[in-house]
file final12.cif (mmCIF, C-alpha atoms and all ligand atoms)
data_entry
#
loop_
_atom_site.label_atom_id
_atom_site.label_comp_id
_atom_site.auth_asym_id
_atom_site.auth_seq_id
_atom_site.Cartn_x
_atom_site.Cartn_y
_atom_site.Cartn_z
CA MET A 1 1.80 28.21 39.26
CA GLY A 2 1.68 29.28 35.60
CA ARG A 3 -1.62 30.06 33.96
CA SER A 4 -2.30 27.53 31.25
CA VAL A 5 -6.04 27.81 30.58
CA LYS A 6 -7.06 30.54 28.18
CA ILE A 7 -10.55 32.06 28.13
CA ILE A 8 -11.51 34.77 25.64
CA ILE A 9 -14.18 37.28 26.69
CA ILE A 10 -15.94 39.23 23.95
CA ASN A 11 -18.01 42.31 24.80
CA GLY A 12 -20.36 43.10 21.91
CA SER A 13 -21.84 46.25 23.44
CA PRO A 14 -20.97 49.62 21.92
CA ARG A 15 -21.03 50.92 25.55
CA LYS A 16 -17.93 49.40 27.12
CA ASN A 17 -19.01 50.19 30.67
CA GLY A 18 -22.72 49.47 30.29
CA ALA A 19 -24.59 46.58 31.91
CA THR A 20 -22.90 43.97 29.69
CA GLY A 21 -19.47 45.37 30.59
CA LYS A 22 -20.25 45.30 34.32
CA ILE A 23 -21.37 41.66 34.12
CA LEU A 24 -18.28 40.67 32.14
CA LYS A 25 -15.88 42.45 34.49
CA PHE A 26 -17.45 40.67 37.45
CA LEU A 27 -17.14 37.33 35.64
CA ASN A 28 -13.55 38.06 34.59
CA ASP A 29 -12.57 38.89 38.20
CA TYR A 30 -14.34 35.80 39.47
CA LEU A 31 -12.46 33.53 37.06
CA LYS A 32 -9.08 35.12 37.69
CA ASN A 33 -9.49 35.10 41.48
CA ASN A 34 -10.83 31.58 41.80
CA TYR A 35 -8.99 29.66 39.10
CA GLN A 36 -5.25 30.24 39.40
CA GLU A 37 -4.53 28.41 36.17
CA THR A 38 -6.89 30.62 34.16
CA ASP A 39 -5.76 33.49 32.00
CA THR A 40 -8.40 35.66 30.35
CA GLU A 41 -8.29 37.98 27.35
CA TYR A 42 -10.98 40.66 27.61
CA ILE A 43 -11.90 42.18 24.26
CA ASN A 44 -14.13 45.22 23.81
CA LEU A 45 -15.30 45.09 20.20
CA ALA A 46 -16.14 48.80 20.49
CA ASP A 47 -12.39 49.58 20.65
CA LEU A 48 -11.54 47.91 17.39
CA ASN A 49 -13.18 49.72 14.47
CA ILE A 50 -14.09 46.40 12.93
CA LYS A 51 -14.80 46.65 9.21
CA PHE A 52 -17.69 44.85 7.52
CA CYS A 53 -17.15 41.52 5.81
CA THR A 54 -16.91 42.26 2.07
CA GLY A 55 -18.16 38.81 1.06
CA CYS A 56 -15.09 37.97 -1.07
CA GLU A 57 -14.88 34.42 0.35
CA ASN A 58 -11.09 34.62 0.47
CA CYS A 59 -11.31 32.99 3.91
CA TYR A 60 -12.97 29.98 2.27
CA LYS A 61 -9.96 29.68 0.00
CA THR A 62 -7.01 30.54 2.23
CA GLY A 63 -8.32 30.42 5.79
CA ASN A 64 -7.51 34.12 6.19
CA CYS A 65 -9.39 37.38 5.76
CA ILE A 66 -8.06 39.85 3.21
CA ILE A 67 -8.68 42.75 5.62
CA ASN A 68 -5.72 42.68 7.96
CA ASP A 69 -5.56 46.14 9.49
CA ASP A 70 -8.24 45.93 12.19
CA ASN A 71 -7.10 43.12 14.52
CA THR A 72 -9.91 40.76 13.58
CA GLU A 73 -7.57 38.01 12.38
CA LYS A 74 -5.61 38.39 15.61
CA ILE A 75 -8.79 37.79 17.62
CA ARG A 76 -9.63 34.82 15.43
CA ASN A 77 -6.24 33.36 16.26
CA LEU A 78 -6.83 33.91 19.96
CA ILE A 79 -10.19 32.14 19.64
CA LYS A 80 -8.60 29.28 17.73
CA HIS A 81 -6.08 28.63 20.50
CA SER A 82 -8.45 29.22 23.43
CA ASP A 83 -9.90 26.67 25.84
CA GLY A 84 -13.21 28.43 26.39
CA LEU A 85 -15.14 31.51 25.34
CA ILE A 86 -17.59 34.06 26.65
CA PHE A 87 -19.72 35.75 24.00
CA SER A 88 -21.91 38.65 25.01
CA SER A 89 -24.15 41.16 23.31
CA PRO A 90 -26.97 43.34 24.58
CA THR A 91 -30.30 42.87 22.82
CA TYR A 92 -30.75 45.41 20.04
CA ALA A 93 -33.97 45.23 18.04
CA SER A 94 -34.60 41.62 19.13
CA ASN A 95 -31.14 40.50 18.04
CA VAL A 96 -27.44 40.87 18.76
CA THR A 97 -25.89 44.30 18.16
CA GLY A 98 -24.67 45.20 14.69
CA LEU A 99 -21.20 45.37 16.26
CA PHE A 100 -21.38 41.77 17.42
CA LYS A 101 -22.77 40.49 14.11
CA THR A 102 -20.04 42.33 12.17
CA PHE A 103 -17.45 40.66 14.41
CA TYR A 104 -19.11 37.26 13.96
CA ASP A 105 -19.04 37.55 10.17
CA ARG A 106 -15.43 38.75 10.11
CA VAL A 107 -13.92 36.02 12.30
CA HIS A 108 -15.42 33.50 9.85
CA MET A 109 -15.91 30.79 12.41
CA THR A 110 -18.94 28.90 11.12
CA MET A 111 -17.79 27.20 7.92
CA GLU A 112 -14.46 26.25 9.52
CA GLN A 113 -16.09 25.07 12.79
CA LEU A 114 -13.58 27.17 14.71
CA LEU A 115 -15.25 26.49 18.06
CA TYR A 116 -15.25 22.70 17.66
CA CYS A 117 -15.38 21.11 21.14
CA LYS A 118 -14.94 24.47 22.90
CA PRO A 119 -17.22 25.27 25.87
CA CYS A 120 -18.82 28.71 25.83
CA ILE A 121 -20.93 31.03 27.95
CA THR A 122 -23.40 33.31 26.18
CA ILE A 123 -24.73 36.49 27.77
CA THR A 124 -27.35 38.98 26.71
CA VAL A 125 -28.82 41.94 28.57
CA TYR A 126 -32.18 43.43 27.63
CA GLU A 127 -34.59 46.01 28.99
CA ASN A 128 -38.01 44.79 28.12
CA LEU A 129 -38.58 42.22 25.35
CA MET A 130 -36.85 39.60 23.20
CA GLY A 131 -33.82 38.87 25.36
CA GLY A 132 -34.70 35.18 24.96
CA LYS A 133 -34.54 35.50 21.21
CA THR A 134 -31.07 37.05 21.36
CA ALA A 135 -29.96 34.30 23.74
CA LYS A 136 -31.15 31.73 21.20
CA ILE A 137 -29.26 33.50 18.40
CA LEU A 138 -26.04 33.54 20.45
CA LYS A 139 -26.41 29.85 21.30
CA GLU A 140 -27.01 29.01 17.63
CA MET A 141 -23.89 30.96 16.66
CA VAL A 142 -21.90 28.83 19.09
CA MET A 143 -23.49 25.55 18.01
CA ASN A 144 -23.17 26.31 14.30
CA SER A 145 -19.46 27.00 14.81
CA GLY A 146 -18.94 23.61 16.47
CA GLY A 147 -18.91 24.76 20.11
CA TYR A 148 -21.32 24.12 22.97
CA THR A 149 -22.96 26.46 25.47
CA VAL A 150 -22.45 25.51 29.11
CA SER A 151 -24.43 28.47 30.51
CA SER A 152 -26.62 31.04 28.84
CA LEU A 153 -27.39 34.19 30.84
CA THR A 154 -30.37 36.32 29.79
CA ILE A 155 -30.48 39.30 32.12
CA LYS A 156 -33.32 41.81 32.27
CA ASN A 157 -32.06 45.18 33.43
CA ALA A 158 -33.39 48.75 33.31
CA PHE A 159 -31.31 51.22 31.29
CA ASN A 160 -28.20 52.39 33.16
CA LYS A 161 -29.11 50.43 36.27
CA ASP A 162 -26.33 48.40 37.90
CA PRO A 163 -27.18 44.77 36.99
CA LEU A 164 -25.02 43.30 39.77
CA THR A 165 -27.61 42.31 42.38
CA ASP A 166 -26.74 39.38 44.66
CA LYS A 167 -29.00 37.12 42.60
CA ILE A 168 -27.28 38.06 39.34
CA LYS A 169 -23.82 37.78 40.90
CA ASN A 170 -24.76 34.26 41.96
CA LYS A 171 -25.84 33.36 38.45
CA ILE A 172 -22.64 34.78 36.95
CA GLU A 173 -20.47 32.84 39.42
CA LYS A 174 -22.38 29.65 38.66
CA ALA A 175 -21.78 30.17 34.92
CA GLY A 176 -18.07 30.83 35.54
CA LYS A 177 -17.79 27.72 37.70
CA ASN A 178 -19.52 25.68 35.00
CA LEU A 179 -17.14 26.91 32.31
CA ALA A 180 -14.04 26.21 34.42
CA LYS A 181 -15.34 22.74 35.26
CA LYS A 182 -16.08 21.88 31.61
CA ILE A 183 -12.65 23.10 30.49
CA LYS A 184 -10.95 20.98 33.15
CA LYS A 185 -13.04 17.90 32.33
CA ASN A 186 -12.30 18.31 28.62
CA ASN A 187 -15.11 16.00 27.62
CA PRO A 188 -17.47 17.81 25.21
CA PRO A 189 -21.03 16.44 25.10
CA LEU A 190 -21.60 13.68 22.60
CA PHE A 191 -24.60 15.55 21.20
CA SER A 192 -22.45 18.53 20.23
CA LYS A 193 -19.84 16.35 18.53
CA ILE A 194 -22.46 14.37 16.60
CA TYR A 195 -24.30 17.56 15.59
CA THR A 196 -21.07 19.04 14.21
CA ARG A 197 -20.09 15.87 12.37
CA ILE A 198 -23.51 15.58 10.72
CA ALA A 199 -23.55 19.29 9.82
CA VAL A 200 -20.10 19.03 8.24
CA ASN A 201 -20.29 15.65 6.52
CA VAL A 202 -23.93 15.59 5.42
CA PHE A 203 -24.82 19.23 4.78
CA LEU A 204 -21.62 21.25 4.23
CA LYS A 205 -19.18 18.82 2.62
CA PRO A 206 -21.09 18.16 -0.64
CA PHE A 207 -21.35 21.92 -1.20
CA VAL A 208 -17.73 22.65 -0.24
CA PHE A 209 -16.26 19.79 -2.28
CA LYS A 210 -17.94 20.99 -5.48
CA GLU A 211 -15.27 23.71 -5.55
CA LYS A 212 -12.35 22.15 -3.67
CA GLU A 213 -9.75 24.66 -4.88
CA ASN A 214 -11.84 27.63 -3.78
CA ASN A 215 -12.61 26.09 -0.40
CA LYS A 216 -9.17 24.90 0.70
CA GLY A 217 -9.24 27.06 3.83
CA ILE A 218 -12.42 25.38 5.04
CA ILE A 219 -11.22 21.87 4.13
CA ASN A 220 -7.90 22.37 5.95
CA SER A 221 -9.69 23.56 9.05
CA TRP A 222 -11.90 20.42 9.03
CA LEU A 223 -8.86 18.19 8.50
CA GLU A 224 -7.03 19.84 11.41
CA LYS A 225 -9.96 18.95 13.65
CA ASP A 226 -10.33 15.46 12.24
CA LEU A 227 -13.88 16.25 11.16
CA ILE A 228 -13.44 14.67 7.74
CA ARG A 229 -11.25 11.90 6.33
CA LYS A 230 -8.23 12.86 4.21
CA THR A 231 -9.28 14.09 0.76
C1 LIG A 301 -30.75 50.37 19.34
C2 LIG A 301 -31.25 49.67 20.56
C3 LIG A 301 -32.15 48.65 20.44
C4 LIG A 301 -32.64 47.99 21.56
N1 LIG A 301 -33.53 46.97 21.42
C5 LIG A 301 -34.01 46.32 22.50
C6 LIG A 301 -34.95 45.24 22.36
O1 LIG A 301 -35.32 44.82 21.27
N2 LIG A 301 -35.43 44.66 23.48
C7 LIG A 301 -35.04 45.08 24.73
O2 LIG A 301 -35.55 44.53 25.70
N3 LIG A 301 -34.13 46.06 24.90
C8 LIG A 301 -33.60 46.70 23.82
N4 LIG A 301 -32.66 47.69 23.99
C9 LIG A 301 -32.16 47.99 25.33
C10 LIG A 301 -30.78 47.33 25.62
O3 LIG A 301 -30.81 45.95 25.40
C11 LIG A 301 -30.37 47.57 27.09
O4 LIG A 301 -30.36 48.95 27.39
C12 LIG A 301 -29.03 46.98 27.46
O5 LIG A 301 -28.85 47.06 28.82
C13 LIG A 301 -27.87 47.71 26.86
O6 LIG A 301 -26.68 47.03 27.21
P1 LIG A 301 -25.39 47.82 27.64
O7 LIG A 301 -25.74 48.60 28.88
O8 LIG A 301 -24.38 46.77 27.89
O9 LIG A 301 -25.01 48.71 26.52
C14 LIG A 301 -32.19 48.37 22.86
C15 LIG A 301 -31.26 49.42 22.99
C16 LIG A 301 -30.79 50.06 21.86
C17 LIG A 301 -29.78 51.18 22.02
#
call {"tool": "encode", "arguments": {"input": "final12.cif", "output": "structure tokens"}}
result
Amino acid sequence: MGRSVKIIIINGSPRKNGATGKILKFLNDYLKNNYQETDTEYINLADLNIKFCTGCENCYKTGNCIINDDNTEKIRNLIKHSDGLIFSSPTYASNVTGLFKTFYDRVHMTMEQLLYCKPCITITVYENLMGGKTAKILKEMVMNSGGYTVSSLTIKNAFNKDPLTDKIKNKIEKAGKNLAKKIKKNNPPLFSKIYTRIAVNVFLKPFVFKEKENNKGIINSWLEKDLIRKT
């Protein structure tokens, strides 16, 4: 049987084979072995030399980033056409890593609501404190981009220790199962859809429509998703 479900896995750790990487590889194997129809794309941000967002707002205007030599637009396109996503970052200084935040800015997914109706898993690993805060930040990133989090894993793990205990493996499998189920059901929670519609129509639209010409990229993305009426 052909694989028709696409899940994108993003590793935001600078250490590709650290605890985050081990968790993601286990989850990737679980999904591929248990869901024949599922195809995954595993992306290590550390491989990509992602440049900083320059703040030009060209993406607002055209829907595309002016920097096109570091694969970020390619990843954005993969995200756009995916059925589900897995976002992960270790906790660095009570937050996501700089690498993950740079990626998040560059794929410009918030204004356009790129994740609209897409189910996501968020994962953070931490050693001591503030893993919960990072988990909250990751979930907000998903929600503010129109998606919804089906499972959020916050895993406490000592430096360089293998995180894959039986208990953690269980949690990872449960999250994977949840994601596969939500993709199959294809029925995003009403709350998430209403939240996105209010965010777009009440808070973002008045600002964006003040400069329609300069925000065509955003407006087109909303129209594609039927988030606003024709202008
Ligand atoms: C720069 C830096 C900042 C960190 N900040 C925190 C922190 O605020 N709270 C915490 O519990 N662990 C912190 N850690 C520990 C990492 O979250 C932990 O080692 C994690 O497992 C690393 O993930 P990785 O193995 O996937 O690279 C920090 C580590 C680094 C290198």
call {"tool": "atom_distance", "arguments": {"input": "final12.cif", "atom1": "CA of Tyr126 (chain A)", "atom2": "CA of Pro189 (chain A)"}}
result
29.3 Å
call {"tool": "closest_residue", "arguments": {"input": "final12.cif", "among": "A:Lys185, A:Lys139, A:Lys171, A:Lys16", "to": "ligand LIG 301 (chain A)", "atoms": "all atoms listed in the file"}}
result
A:Lys16
call {"tool": "residues_around", "arguments": {"input": "final12.cif", "residues": "Ile121 (chain A)", "least_positions_apart": "5", "cutoff": "7 Å", "atoms": "all atoms listed in the file", "output": "PDB file with C-alpha atoms, keeping the file's coordinate frame"}}
result
ATOM      1  CA  LEU A  85     -15.140  31.510  25.340  1.00  0.00           C
ATOM      2  CA  ILE A  86     -17.590  34.060  26.650  1.00  0.00           C
ATOM      3  CA  PHE A  87     -19.720  35.750  24.000  1.00  0.00           C
ATOM      4  CA  THR A 149     -22.960  26.460  25.470  1.00  0.00           C
ATOM      5  CA  VAL A 150     -22.450  25.510  29.110  1.00  0.00           C
ATOM      6  CA  SER A 151     -24.430  28.470  30.510  1.00  0.00           C
ATOM      7  CA  SER A 152     -26.620  31.040  28.840  1.00  0.00           C
TER       8      SER A 152
END
call {"tool": "closest_residue", "arguments": {"input": "final12.cif", "among": "A:Cys56, A:Ile137, A:Ile155, A:Ile7", "to": "His108 (chain A)", "atoms": "only C-alpha atoms"}}
result
A:Cys56
call {"tool": "atom_distance", "arguments": {"input": "final12.cif", "atom1": "CA of Ile10 (chain A)", "atom2": "CA of Asn215 (chain A)"}}
result
27.9 Å
call {"tool": "atom_distance", "arguments": {"input": "final12.cif", "atom1": "atom O4 of ligand LIG 301 (chain A)", "atom2": "CA of Asp47 (chain A)"}}
result
19.2 Å
call {"tool": "closest_atom_pairs", "arguments": {"input": "final12.cif", "of": "chain A", "to": "ligand LIG 301 (chain A)", "cutoff": "8 Å", "atoms": "all atoms listed in the file", "output": "JSON lines"}}
result
{"residue": "A:Ser13", "atom": "CA", "partner": "A:LIG301", "partner_atom": "O9", "distance": 5.1}
{"residue": "A:Pro14", "atom": "CA", "partner": "A:LIG301", "partner_atom": "O9", "distance": 6.2}
{"residue": "A:Arg15", "atom": "CA", "partner": "A:LIG301", "partner_atom": "O9", "distance": 4.7}
{"residue": "A:Lys16", "atom": "CA", "partner": "A:LIG301", "partner_atom": "O8", "distance": 7.0}
{"residue": "A:Asn17", "atom": "CA", "partner": "A:LIG301", "partner_atom": "O8", "distance": 6.9}
{"residue": "A:Gly18", "atom": "CA", "partner": "A:LIG301", "partner_atom": "O7", "distance": 3.4}
{"residue": "A:Ala19", "atom": "CA", "partner": "A:LIG301", "partner_atom": "O7", "distance": 3.8}
{"residue": "A:Thr20", "atom": "CA", "partner": "A:LIG301", "partner_atom": "O8", "distance": 3.6}
{"residue": "A:Gly21", "atom": "CA", "partner": "A:LIG301", "partner_atom": "O8", "distance": 5.8}
{"residue": "A:Lys22", "atom": "CA", "partner": "A:LIG301", "partner_atom": "O8", "distance": 7.8}
{"residue": "A:Ser89", "atom": "CA", "partner": "A:LIG301", "partner_atom": "O8", "distance": 7.2}
{"residue": "A:Pro90", "atom": "CA", "partner": "A:LIG301", "partner_atom": "O6", "distance": 4.5}
{"residue": "A:Thr91", "atom": "CA", "partner": "A:LIG301", "partner_atom": "O3", "distance": 4.1}
{"residue": "A:Tyr92", "atom": "CA", "partner": "A:LIG301", "partner_atom": "N1", "distance": 3.5}
{"residue": "A:Ala93", "atom": "CA", "partner": "A:LIG301", "partner_atom": "O1", "distance": 3.5}
{"residue": "A:Ser94", "atom": "CA", "partner": "A:LIG301", "partner_atom": "O1", "distance": 3.9}
{"residue": "A:Asn95", "atom": "CA", "partner": "A:LIG301", "partner_atom": "O1", "distance": 6.8}
{"residue": "A:Thr97", "atom": "CA", "partner": "A:LIG301", "partner_atom": "C1", "distance": 7.9}
{"residue": "A:Thr124", "atom": "CA", "partner": "A:LIG301", "partner_atom": "O3", "distance": 7.9}
{"residue": "A:Val125", "atom": "CA", "partner": "A:LIG301", "partner_atom": "O5", "distance": 5.1}
{"residue": "A:Tyr126", "atom": "CA", "partner": "A:LIG301", "partner_atom": "O3", "distance": 3.6}
{"residue": "A:Glu127", "atom": "CA", "partner": "A:LIG301", "partner_atom": "O2", "distance": 3.7}
{"residue": "A:Asn128", "atom": "CA", "partner": "A:LIG301", "partner_atom": "O2", "distance": 3.5}
{"residue": "A:Leu129", "atom": "CA", "partner": "A:LIG301", "partner_atom": "O2", "distance": 3.8}
{"residue": "A:Met130", "atom": "CA", "partner": "A:LIG301", "partner_atom": "N2", "distance": 5.3}
{"residue": "A:Gly131", "atom": "CA", "partner": "A:LIG301", "partner_atom": "O2", "distance": 5.9}
{"residue": "A:Lys156", "atom": "CA", "partner": "A:LIG301", "partner_atom": "O2", "distance": 7.5}
{"residue": "A:Asn157", "atom": "CA", "partner": "A:LIG301", "partner_atom": "O5", "distance": 5.9}
{"residue": "A:Ala158", "atom": "CA", "partner": "A:LIG301", "partner_atom": "O5", "distance": 6.6}
{"residue": "A:Phe159", "atom": "CA", "partner": "A:LIG301", "partner_atom": "O4", "distance": 4.6}
{"residue": "A:Asn160", "atom": "CA", "partner": "A:LIG301", "partner_atom": "O7", "distance": 6.2}
call {"tool": "closest_residue", "arguments": {"input": "final12.cif", "among": "A:Glu173, A:Lys161, A:Asn186, A:Ser82", "to": "Asn34 (chain A)", "atoms": "only C-alpha atoms"}}
result
A:Glu173
call {"tool": "residues_around", "arguments": {"input": "final12.cif", "residues": "Pro119 (chain A)", "least_positions_apart": "2", "cutoff": "7 Å", "atoms": "all atoms listed in the file", "output": "VMD selection string"}}
result
chain A and resid 84 to 85 117 147 to 150 179 182 to 183
call {"tool": "residues_near_point", "arguments": {"input": "final12.cif", "point": "(-12.2, 33.6, 3.4)", "cutoff": "10 Å", "atoms": "all atoms listed in the file", "output": "PyMOL selection string"}}
result
chain A and resi 53-66+106-108+111-112+214-218
call {"tool": "build_atoms", "arguments": {"input": "final12.cif", "residues": "region 77-104 of chain A", "atoms": "N, CA and C atoms", "output": "PDB file, keeping the file's coordinate frame"}}
result
ATOM      1  N   ASN A  77      -7.320  34.232  15.818  1.00  0.00           N
ATOM      2  CA  ASN A  77      -6.240  33.360  16.260  1.00  0.00           C
ATOM      3  C   ASN A  77      -6.301  33.078  17.756  1.00  0.00           C
ATOM      4  N   LEU A  78      -6.667  34.096  18.518  1.00  0.00           N
ATOM      5  CA  LEU A  78      -6.830  33.910  19.960  1.00  0.00           C
ATOM      6  C   LEU A  78      -7.956  32.908  20.221  1.00  0.00           C
ATOM      7  N   ILE A  79      -9.051  33.055  19.479  1.00  0.00           N
ATOM      8  CA  ILE A  79     -10.190  32.140  19.640  1.00  0.00           C
ATOM      9  C   ILE A  79      -9.764  30.718  19.294  1.00  0.00           C
ATOM     10  N   LYS A  80      -9.037  30.604  18.194  1.00  0.00           N
ATOM     11  CA  LYS A  80      -8.600  29.280  17.730  1.00  0.00           C
ATOM     12  C   LYS A  80      -7.797  28.546  18.800  1.00  0.00           C
ATOM     13  N   HIS A  81      -6.955  29.282  19.520  1.00  0.00           N
ATOM     14  CA  HIS A  81      -6.080  28.630  20.500  1.00  0.00           C
ATOM     15  C   HIS A  81      -6.615  28.710  21.935  1.00  0.00           C
ATOM     16  N   SER A  82      -7.878  29.084  22.076  1.00  0.00           N
ATOM     17  CA  SER A  82      -8.450  29.220  23.430  1.00  0.00           C
ATOM     18  C   SER A  82      -9.023  27.899  23.922  1.00  0.00           C
ATOM     19  N   ASP A  83      -9.271  27.851  25.241  1.00  0.00           N
ATOM     20  CA  ASP A  83      -9.900  26.670  25.840  1.00  0.00           C
ATOM     21  C   ASP A  83     -11.385  26.870  26.075  1.00  0.00           C
ATOM     22  N   GLY A  84     -11.807  28.133  26.160  1.00  0.00           N
ATOM     23  CA  GLY A  84     -13.210  28.430  26.390  1.00  0.00           C
ATOM     24  C   GLY A  84     -13.509  29.877  26.035  1.00  0.00           C
ATOM     25  N   LEU A  85     -14.786  30.162  25.790  1.00  0.00           N
ATOM     26  CA  LEU A  85     -15.140  31.510  25.340  1.00  0.00           C
ATOM     27  C   LEU A  85     -16.370  32.059  26.037  1.00  0.00           C
ATOM     28  N   ILE A  86     -16.412  33.385  26.116  1.00  0.00           N
ATOM     29  CA  ILE A  86     -17.590  34.060  26.650  1.00  0.00           C
ATOM     30  C   ILE A  86     -18.025  35.086  25.611  1.00  0.00           C
ATOM     31  N   PHE A  87     -19.202  34.859  25.040  1.00  0.00           N
ATOM     32  CA  PHE A  87     -19.720  35.750  24.000  1.00  0.00           C
ATOM     33  C   PHE A  87     -20.873  36.551  24.589  1.00  0.00           C
ATOM     34  N   SER A  88     -20.813  37.865  24.463  1.00  0.00           N
ATOM     35  CA  SER A  88     -21.910  38.650  25.010  1.00  0.00           C
ATOM     36  C   SER A  88     -22.322  39.778  24.078  1.00  0.00           C
ATOM     37  N   SER A  89     -23.612  40.033  24.073  1.00  0.00           N
ATOM     38  CA  SER A  89     -24.150  41.160  23.310  1.00  0.00           C
ATOM     39  C   SER A  89     -25.446  41.602  23.968  1.00  0.00           C
ATOM     40  N   PRO A  90     -25.633  42.910  24.147  1.00  0.00           N
ATOM     41  CA  PRO A  90     -26.970  43.340  24.580  1.00  0.00           C
ATOM     42  C   PRO A  90     -27.985  43.062  23.471  1.00  0.00           C
ATOM     43  N   THR A  91     -29.243  43.043  23.824  1.00  0.00           N
ATOM     44  CA  THR A  91     -30.300  42.870  22.820  1.00  0.00           C
ATOM     45  C   THR A  91     -30.582  44.211  22.145  1.00  0.00           C
ATOM     46  N   TYR A  92     -30.397  44.230  20.843  1.00  0.00           N
ATOM     47  CA  TYR A  92     -30.750  45.410  20.040  1.00  0.00           C
ATOM     48  C   TYR A  92     -31.763  44.959  19.005  1.00  0.00           C
ATOM     49  N   ALA A  93     -32.933  45.567  19.026  1.00  0.00           N
ATOM     50  CA  ALA A  93     -33.970  45.230  18.040  1.00  0.00           C
ATOM     51  C   ALA A  93     -34.154  43.716  17.920  1.00  0.00           C
ATOM     52  N   SER A  94     -34.331  43.061  19.067  1.00  0.00           N
ATOM     53  CA  SER A  94     -34.600  41.620  19.130  1.00  0.00           C
ATOM     54  C   SER A  94     -33.476  40.758  18.589  1.00  0.00           C
ATOM     55  N   ASN A  95     -32.255  41.238  18.635  1.00  0.00           N
ATOM     56  CA  ASN A  95     -31.140  40.500  18.040  1.00  0.00           C
ATOM     57  C   ASN A  95     -29.846  40.895  18.744  1.00  0.00           C
ATOM     58  N   VAL A  96     -28.723  40.377  18.243  1.00  0.00           N
ATOM     59  CA  VAL A  96     -27.440  40.870  18.760  1.00  0.00           C
ATOM     60  C   VAL A  96     -27.189  42.257  18.183  1.00  0.00           C
ATOM     61  N   THR A  97     -26.203  42.960  18.710  1.00  0.00           N
ATOM     62  CA  THR A  97     -25.890  44.300  18.160  1.00  0.00           C
ATOM     63  C   THR A  97     -25.263  44.145  16.775  1.00  0.00           C
ATOM     64  N   GLY A  98     -25.345  45.206  15.997  1.00  0.00           N
ATOM     65  CA  GLY A  98     -24.670  45.200  14.690  1.00  0.00           C
ATOM     66  C   GLY A  98     -23.178  44.971  14.879  1.00  0.00           C
ATOM     67  N   LEU A  99     -22.632  45.538  15.952  1.00  0.00           N
ATOM     68  CA  LEU A  99     -21.200  45.370  16.260  1.00  0.00           C
ATOM     69  C   LEU A  99     -20.847  43.899  16.427  1.00  0.00           C
ATOM     70  N   PHE A 100     -21.680  43.185  17.172  1.00  0.00           N
ATOM     71  CA  PHE A 100     -21.380  41.770  17.420  1.00  0.00           C
ATOM     72  C   PHE A 100     -21.513  40.953  16.129  1.00  0.00           C
ATOM     73  N   LYS A 101     -22.556  41.255  15.349  1.00  0.00           N
ATOM     74  CA  LYS A 101     -22.770  40.490  14.110  1.00  0.00           C
ATOM     75  C   LYS A 101     -21.628  40.745  13.121  1.00  0.00           C
ATOM     76  N   THR A 102     -21.164  42.002  13.073  1.00  0.00           N
ATOM     77  CA  THR A 102     -20.040  42.330  12.170  1.00  0.00           C
ATOM     78  C   THR A 102     -18.811  41.518  12.582  1.00  0.00           C
ATOM     79  N   PHE A 103     -18.563  41.463  13.888  1.00  0.00           N
ATOM     80  CA  PHE A 103     -17.450  40.660  14.410  1.00  0.00           C
ATOM     81  C   PHE A 103     -17.622  39.190  14.023  1.00  0.00           C
ATOM     82  N   TYR A 104     -18.837  38.679  14.231  1.00  0.00           N
ATOM     83  CA  TYR A 104     -19.110  37.260  13.960  1.00  0.00           C
ATOM     84  C   TYR A 104     -18.840  36.914  12.489  1.00  0.00           C
TER      85      TYR A 104
END
